[in-house]
$ cat structure_29.txt   # compact mmCIF, C-alpha atoms
# COMPACT_ATOMS: atom_id res chain seq x y z
CA MET A 149 40.57 -35.83 17.84
CA GLY A 150 41.15 -39.31 16.39
CA VAL A 151 42.35 -42.37 18.22
CA SER A 152 45.87 -42.11 16.82
CA GLU A 153 46.22 -38.47 17.91
CA ASN A 154 45.21 -39.35 21.46
CA LEU A 155 47.70 -42.21 21.57
CA LYS A 156 50.43 -40.00 20.15
CA ARG A 157 49.82 -37.38 22.80
CA GLY A 158 50.61 -39.85 25.52
CA VAL A 159 54.01 -40.81 24.14
CA THR A 160 55.20 -37.50 22.66
CA GLU A 161 57.30 -36.58 25.69
CA LEU A 162 58.77 -40.07 25.75
CA VAL A 163 59.89 -40.11 22.12
CA LEU A 164 61.27 -36.57 22.18
CA LEU A 165 63.32 -37.22 25.30
CA SER A 166 64.54 -40.50 23.81
CA LEU A 167 65.89 -38.65 20.77
CA LEU A 168 67.57 -36.03 22.91
CA ALA A 169 69.19 -38.78 24.97
CA GLN A 170 71.19 -39.61 21.80
CA ARG A 171 72.33 -36.06 20.99
CA ASP A 172 71.24 -32.42 20.99
CA MET A 173 68.75 -31.66 18.25
CA TYR A 174 66.55 -28.88 16.96
CA GLY A 175 62.82 -29.05 16.26
CA TYR A 176 62.73 -29.82 12.55
CA GLU A 177 65.49 -32.38 12.93
CA MET A 178 63.51 -34.17 15.65
CA SER A 179 60.37 -34.42 13.55
CA GLN A 180 62.43 -35.80 10.64
CA GLU A 181 64.23 -38.29 12.88
CA LEU A 182 60.97 -39.54 14.40
CA GLN A 183 59.53 -40.16 10.96
CA ALA A 184 62.70 -41.87 9.71
CA ARG A 185 63.23 -44.10 12.75
CA SER A 186 59.59 -45.21 12.89
CA GLY A 187 59.54 -46.07 9.20
CA GLY A 188 56.95 -43.36 8.57
CA LYS A 189 54.53 -44.79 11.15
CA PHE A 190 55.00 -42.04 13.72
CA ILE A 191 54.63 -38.56 12.29
CA LEU A 192 54.75 -35.76 14.82
CA GLN A 193 53.82 -32.35 13.49
CA GLU A 194 55.73 -29.31 14.67
CA SER A 195 52.53 -27.80 16.03
CA SER A 196 52.25 -30.69 18.50
CA MET A 197 55.94 -30.77 19.25
CA TYR A 198 56.63 -27.17 20.27
CA PRO A 199 54.20 -27.00 23.24
CA THR A 200 55.57 -30.32 24.51
CA LEU A 201 59.15 -29.03 24.27
CA TYR A 202 58.21 -25.86 26.18
CA ARG A 203 56.53 -27.95 28.83
CA LEU A 204 59.64 -30.10 29.23
CA GLU A 205 61.78 -26.97 29.38
CA ASP A 206 59.51 -25.47 32.04
CA LYS A 207 59.95 -28.58 34.14
CA GLY A 208 63.74 -28.41 33.76
CA TYR A 209 64.09 -31.67 31.86
CA ILE A 210 65.64 -30.00 28.81
CA THR A 211 67.47 -26.77 28.13
CA VAL A 212 67.67 -24.67 24.99
CA THR A 213 70.61 -23.01 23.33
CA LYS A 214 70.27 -20.65 20.39
CA GLN A 215 72.74 -20.92 17.57
CA GLN A 216 73.13 -18.36 14.81
CA VAL A 217 73.02 -20.19 11.48
CA GLY A 218 72.83 -17.30 9.08
CA ARG A 219 71.88 -13.67 8.81
CA ARG A 220 68.85 -13.19 11.08
CA ARG A 221 68.42 -16.96 11.46
CA THR A 222 68.72 -18.70 14.78
CA ARG A 223 68.30 -22.38 15.47
CA MET A 224 67.20 -23.64 18.87
CA TYR A 225 69.04 -26.75 20.01
CA TYR A 226 67.53 -28.79 22.80
CA HIS A 227 69.69 -30.58 25.36
CA LEU A 228 68.60 -33.29 27.78
CA GLU A 229 69.43 -32.54 31.40
CA ALA A 230 70.10 -35.03 34.21
CA ALA A 231 66.58 -34.56 35.58
CA GLY A 232 65.28 -35.26 32.10
CA ARG A 233 67.26 -38.49 31.88
CA ASP A 234 65.77 -39.67 35.18
CA TYR A 235 62.28 -38.73 34.00
CA LEU A 236 62.90 -40.56 30.71
CA GLN A 237 64.02 -43.71 32.51
CA SER A 238 60.93 -43.78 34.71
CA SER A 239 58.64 -42.95 31.76
CA VAL A 240 60.09 -45.73 29.62
CA ALA A 241 59.69 -48.22 32.46
CA GLU A 242 56.10 -47.13 32.98
CA TYR A 243 55.37 -47.26 29.25
CA LEU A 244 56.78 -50.78 28.83
CA SER A 245 54.89 -51.96 31.87
CA MET A 246 51.68 -50.46 30.54
CA GLN A 247 52.32 -51.88 27.08
CA GLU A 248 52.65 -55.35 28.59
CA GLY A 249 49.45 -54.88 30.54
CA ILE A 250 47.53 -53.67 27.51
CA ARG A 251 48.88 -56.53 25.43
CA GLY A 252 47.61 -58.92 28.10
CA ILE A 253 44.15 -57.33 28.00
CA LEU A 254 44.00 -57.41 24.20
CA THR A 255 45.16 -61.03 24.13
CA SER A 256 42.55 -62.06 26.67
CA CYS A 257 39.90 -60.31 24.56
CA GLY A 258 41.05 -62.13 21.44
CA MET A 259 42.43 -58.99 19.83
CA ASN A 260 45.98 -60.29 19.41
CA GLU A 261 45.18 -61.52 15.91
CA VAL A 262 44.38 -58.04 14.55
CA GLU A 263 46.93 -56.96 11.94
CA PRO A 264 48.71 -53.66 12.58
CA VAL A 265 48.01 -50.78 10.17
CA MET B 46 74.85 -34.08 13.79
CA ASN B 47 74.72 -35.51 10.27
CA SER B 48 71.29 -34.18 9.41
CA SER B 49 72.14 -30.78 10.85
CA MET B 50 75.32 -30.74 8.74
CA ASN B 51 73.19 -31.58 5.72
CA HIS B 52 70.90 -28.69 6.51
CA SER B 53 73.73 -26.23 6.97
CA SER B 54 75.44 -27.27 3.76
CA ALA B 55 72.24 -27.03 1.71
CA GLN B 56 71.74 -23.92 -0.35
CA ALA B 57 70.54 -20.92 1.63
CA PRO B 58 66.87 -20.18 0.96
CA GLY B 59 66.29 -17.74 -1.88
CA LEU B 60 64.19 -14.62 -1.81
CA GLN B 61 61.08 -16.49 -2.98
CA ALA B 62 61.43 -19.00 -0.15
CA GLN B 63 61.80 -16.22 2.38
CA VAL B 64 58.70 -14.46 1.05
CA LEU B 65 56.74 -17.71 1.18
CA CYS B 66 57.99 -18.40 4.70
CA ARG B 67 57.01 -14.91 5.88
CA ARG B 68 53.57 -15.29 4.30
CA TYR B 69 52.92 -18.65 5.97
CA CYS B 70 54.26 -17.56 9.36
CA GLY B 71 52.30 -14.31 9.14
CA ARG B 72 49.07 -16.25 8.66
CA VAL B 73 49.92 -18.51 11.61
CA LYS B 74 50.65 -15.44 13.76
CA ARG B 75 47.21 -13.97 12.98
CA SER B 76 45.53 -17.17 14.23
CA LEU B 77 47.77 -17.81 17.23
CA PHE B 78 45.85 -16.23 20.08
CA CYS B 79 48.11 -16.69 23.06
CA PRO B 80 50.44 -14.55 25.20
CA ALA B 81 53.36 -13.03 23.31
CA ALA B 82 55.85 -14.86 25.53
CA LEU B 83 54.53 -18.16 24.14
CA ARG B 84 53.83 -16.93 20.61
CA ARG B 85 57.33 -15.57 19.92
CA PRO B 86 59.29 -18.82 20.37
CA VAL B 87 56.68 -20.80 18.41
CA LEU B 88 56.91 -18.43 15.44
CA SER B 89 60.70 -18.27 15.65
CA GLN B 90 61.00 -22.06 15.50
CA LEU B 91 58.33 -22.35 12.85
CA GLU B 92 60.18 -19.88 10.65
CA GLU B 93 63.37 -21.91 10.92
CA SER B 94 61.52 -25.20 10.22
CA VAL B 95 59.74 -23.73 7.19
CA LEU B 96 63.01 -22.40 5.79
CA LEU B 97 64.65 -25.80 6.28
CA TYR B 98 61.73 -27.50 4.55
CA LEU B 99 61.98 -25.07 1.63
CA GLU B 100 65.73 -25.69 1.39
CA GLU B 101 65.00 -29.40 0.97
CA HIS B 102 62.06 -28.77 -1.37
CA PRO B 103 62.96 -25.71 -3.46
CA ARG B 104 59.91 -26.05 -5.71
CA ALA B 105 57.44 -26.19 -2.83
CA GLY B 106 54.68 -23.62 -2.68
CA MET B 107 52.00 -22.68 -0.19
CA ASN B 108 50.05 -25.89 -0.91
CA GLU B 109 53.04 -28.06 -0.10
CA LEU B 110 53.73 -26.09 3.06
CA CYS B 111 50.13 -26.55 4.18
CA ALA B 112 50.31 -30.25 3.39
CA HIS B 113 53.45 -30.66 5.52
CA PHE B 114 52.86 -28.26 8.42
CA GLY B 115 49.09 -27.97 8.22
CA THR B 116 47.11 -24.92 7.17
CA PRO B 117 48.07 -21.82 9.21
CA LYS B 118 44.79 -21.92 11.11
CA ALA B 119 45.11 -25.64 11.82
CA PHE B 120 48.72 -25.16 12.92
CA ALA B 121 47.76 -22.42 15.36
CA ALA B 122 44.78 -24.40 16.65
CA ASN B 123 46.97 -27.45 17.21
CA VAL B 124 49.55 -25.43 19.13
CA LEU B 125 46.87 -23.96 21.38
CA GLU B 126 45.25 -27.36 21.88
CA ASN B 127 48.54 -28.90 22.94
CA MET B 128 49.41 -26.13 25.36
CA GLU B 129 48.69 -26.89 28.97
CA GLY B 130 46.15 -24.66 30.67
CA GLU B 131 48.65 -24.07 33.44
CA GLN B 132 51.25 -22.75 30.98
CA LEU B 133 48.77 -20.27 29.51
CA HIS B 134 47.54 -19.17 32.93
CA ARG B 135 51.08 -18.59 34.14
CA GLN B 136 51.90 -16.41 31.15
CA LEU B 137 48.65 -14.47 31.44
CA THR B 138 49.19 -13.69 35.13
CA CYS B 139 52.86 -12.93 34.68
CA TYR B 140 53.57 -9.16 34.63
CA ARG B 141 49.93 -8.49 35.42
CA TRP B 142 51.07 -5.45 37.45
CA ARG B 143 52.36 -3.84 34.23
CA ARG B 144 48.96 -4.11 32.62
CA VAL B 145 47.25 -2.75 35.74
CA LEU B 146 49.68 0.20 35.89
CA ALA B 147 49.20 0.94 32.18
CA ALA B 148 45.40 0.87 32.61
CA MET B 149 45.64 3.26 35.58
CA LEU B 150 47.84 5.70 33.63
CA VAL B 151 45.42 5.67 30.69
CA ALA B 152 42.49 6.25 33.04
CA LEU B 153 44.30 9.18 34.71
CA ALA B 154 45.15 10.74 31.33
CA LEU B 155 41.51 10.42 30.22
CA ALA B 156 40.23 11.89 33.47
CA TYR B 157 42.60 14.85 33.13
CA GLY B 158 41.49 15.39 29.54
CA VAL B 159 37.82 15.36 30.51
CA PHE B 160 38.46 17.75 33.44
CA TYR B 161 40.42 20.19 31.23
CA CYS B 162 37.69 20.23 28.55
CA ALA B 163 35.00 20.71 31.20
CA ARG B 164 36.90 23.67 32.70
CA LEU B 165 37.23 25.34 29.29
CA ALA B 166 33.52 24.86 28.63
CA ILE B 167 32.55 26.33 32.02
CA ASP B 168 34.82 29.37 31.51
CA TYR B 169 33.31 29.95 28.07
CA ILE B 170 29.72 29.77 29.30
CA CYS B 171 30.01 31.54 32.66
CA TYR B 172 32.31 34.47 31.79
CA PRO B 173 30.95 36.68 28.99
CA GLY B 174 33.56 38.12 26.74
CA TYR B 175 35.83 35.23 27.42
CA GLY B 176 37.45 34.62 24.16
CA ASN B 177 35.31 36.99 22.11
CA LEU B 178 36.50 37.25 18.59
CA SER B 179 35.59 40.11 16.33
CA SER B 180 36.82 41.37 13.04
CA ILE B 181 39.65 43.92 13.00
CA GLU B 182 38.58 47.53 12.29
CA GLU B 183 41.09 49.99 10.99
CA ASP B 184 41.29 53.22 13.03
CA THR B 185 42.19 56.07 10.69
CA ARG B 186 41.94 58.88 13.31
CA PRO B 187 45.13 60.88 13.89
CA LEU B 188 47.28 60.01 16.84
CA PRO B 189 46.75 62.25 19.94
CA THR B 190 49.41 64.97 20.32
CA THR B 191 48.86 65.70 24.02
CA SER B 192 49.74 63.33 26.85
CA PRO B 193 46.72 61.41 28.20
CA ILE B 194 47.85 62.18 31.77
CA GLY B 195 46.90 65.75 32.73
CA GLU B 196 49.86 68.03 33.24
$ encode --input "structure_29.txt" --output "structure tokens"
Amino acid sequence: MGVSENLKRGVTELVLLSLLAQRDMYGYEMSQELQARSGGKFILQESSMYPTLYRLEDKGYITVTKQQVGRRRTRMYYHLEAAGRDYLQSSVAEYLSMQEGIRGILTSCGMNEVEPV
Amino acid sequence: MNSSMNHSSAQAPGLQAQVLCRRYCGRVKRSLFCPAALRRPVLSQLEESVLLYLEEHPRAGMNELCAHFGTPKAFAANVLENMEGEQLHRQLTCYRWRRVLAAMLVALALAYGVFYCARLAIDYICYPGYGNLSSIEEDTRPLPTTSPIGE
């Protein structure tokens, strides 16, 4: 697994919960929104997204409602619960704190001049 | 819900799109080795996502689907890789009693079948005349006129 995939794994829960904090969404919509809002820099494939969503559902952070959208077609909408909002808040705080710490390390190592991809 | 409105107002997927979707999802299903309770929702969501993608890209074929979602094998492998071991373990141990009960019933049925066949074989070998078959001979003698019981 490449570097970018490992980094993405760590923030997948964070970005998915952030989207759901705005409004209820379904899987395909979330992957499209992530790509659009990141300017194409963060692409999350459905195969990585579904297990994360099930994990969050298992923990009670999100709930799922099925909506019939056509003959034999159902769409699963995800909704952020109160416990999920609390978890999101603490995750964002932790992420920003860690980001600051990592930036400090990279700056001290002279890596702050590297151009982003 | 703008993007969802866009998806619902887009043209419903045609027959070709549905066939392509079923083909792709079928290949993913063959590679997705995990408990059915985890496999079913993944495939259900994948089907919906593939249909939505094909609505937005009507000319897309299998190559485009693989480019967007990954090859079916890669998709399945990625799903399994991202699943937590605890999730898989919980699903595997869930309803274990059903599997144990089914295995016991099968074992009992097999044991009964073996016992019944063994009994038939023993009866055939140990009791001569058991189940003797011979060809039918026509008896052309006249019927007796007197009663077999002495008067």
$ closest_residue --input "structure_29.txt" --among "B:Asp168, B:Ala82, B:Asn127, B:Arg67" --to "Gly158 of chain A" --atoms "only C-alpha atoms"
B:Asn127
$ closest_residue --input "structure_29.txt" --among "A:Lys214, A:His227, A:Lys207, A:Lys156" --to "Leu192 of chain A" --atoms "all atoms listed in the file"
A:Lys156
$ residues_around --input "structure_29.txt" --residues "Val262 of chain A" --least-positions-apart "6" --cutoff "12 Å" --atoms "only C-alpha atoms" --output "MDAnalysis selection string"
chainID A and resid 251 254:255
$ axis_aligned_box --input "structure_29.txt" --around "segment 166-175 of chain A" --padding-each-side "5 Å" --output "AutoDock Vina command-line options"
--center_x 67.6 --center_y -34.7 --center_z 20.6 --size_x 19.5 --size_y 21.6 --size_z 18.7
$ residues_around --input "structure_29.txt" --residues "segment 177-183 of chain A" --least-positions-apart "5" --cutoff "9 Å" --atoms "all atoms listed in the file" --output "list in words"
Val163, Leu164, Leu167, Leu168, Gly188, Lys189, Phe190, Ile191, Leu192, Gln193, Glu194 and Met197 of chain A; Ser48, Ser49 and Ser94 of chain B
$ interface_residues --input "structure_29.txt" --of "chain A" --to "chain B" --cutoff "10 Å" --atoms "only C-alpha atoms" --output "list in words"
Arg157, Arg171, Asp172, Met173, Tyr174, Gly175, Tyr176, Glu177, Met178, Ser179, Gln180, Glu181, Gln193, Glu194, Ser195, Ser196, Met197, Tyr198, Pro199, Thr200, Tyr202, Arg203, Asp206, Val217, Gly218, Arg221, Thr222, Arg223 and Met224 of chain A
$ residues_around --input "structure_29.txt" --residues "Ser239 of chain A" --least-positions-apart "6" --cutoff "10 Å" --atoms "only C-alpha atoms" --output "short mmCIF file (atom, residue, chain, number, x, y, z; two decimals) with C-alpha atoms, keeping the file's coordinate frame"
data_model
loop_
_atom_site.label_atom_id
_atom_site.label_comp_id
_atom_site.auth_asym_id
_atom_site.auth_seq_id
_atom_site.Cartn_x
_atom_site.Cartn_y
_atom_site.Cartn_z
CA VAL A 159 54.01 -40.81 24.14
CA GLU A 161 57.30 -36.58 25.69
CA LEU A 162 58.77 -40.07 25.75
CA LEU A 165 63.32 -37.22 25.30
CA ARG A 233 67.26 -38.49 31.88
CA SER A 245 54.89 -51.96 31.87
#
$ atom_distance --input "structure_29.txt" --atom1 "atom CA of Ser186 of chain A" --atom2 "atom CA of Tyr69 of chain B"
28.2 Å
$ closest_residue --input "structure_29.txt" --among "A:Tyr243, A:Gln237, A:Arg220, A:Gly252" --to "Gln63 of chain B" --atoms "only C-alpha atoms"
A:Arg220
$ atom_distance --input "structure_29.txt" --atom1 "atom CA of Ala62 of chain B" --atom2 "atom CA of Asn108 of chain B"
13.3 Å
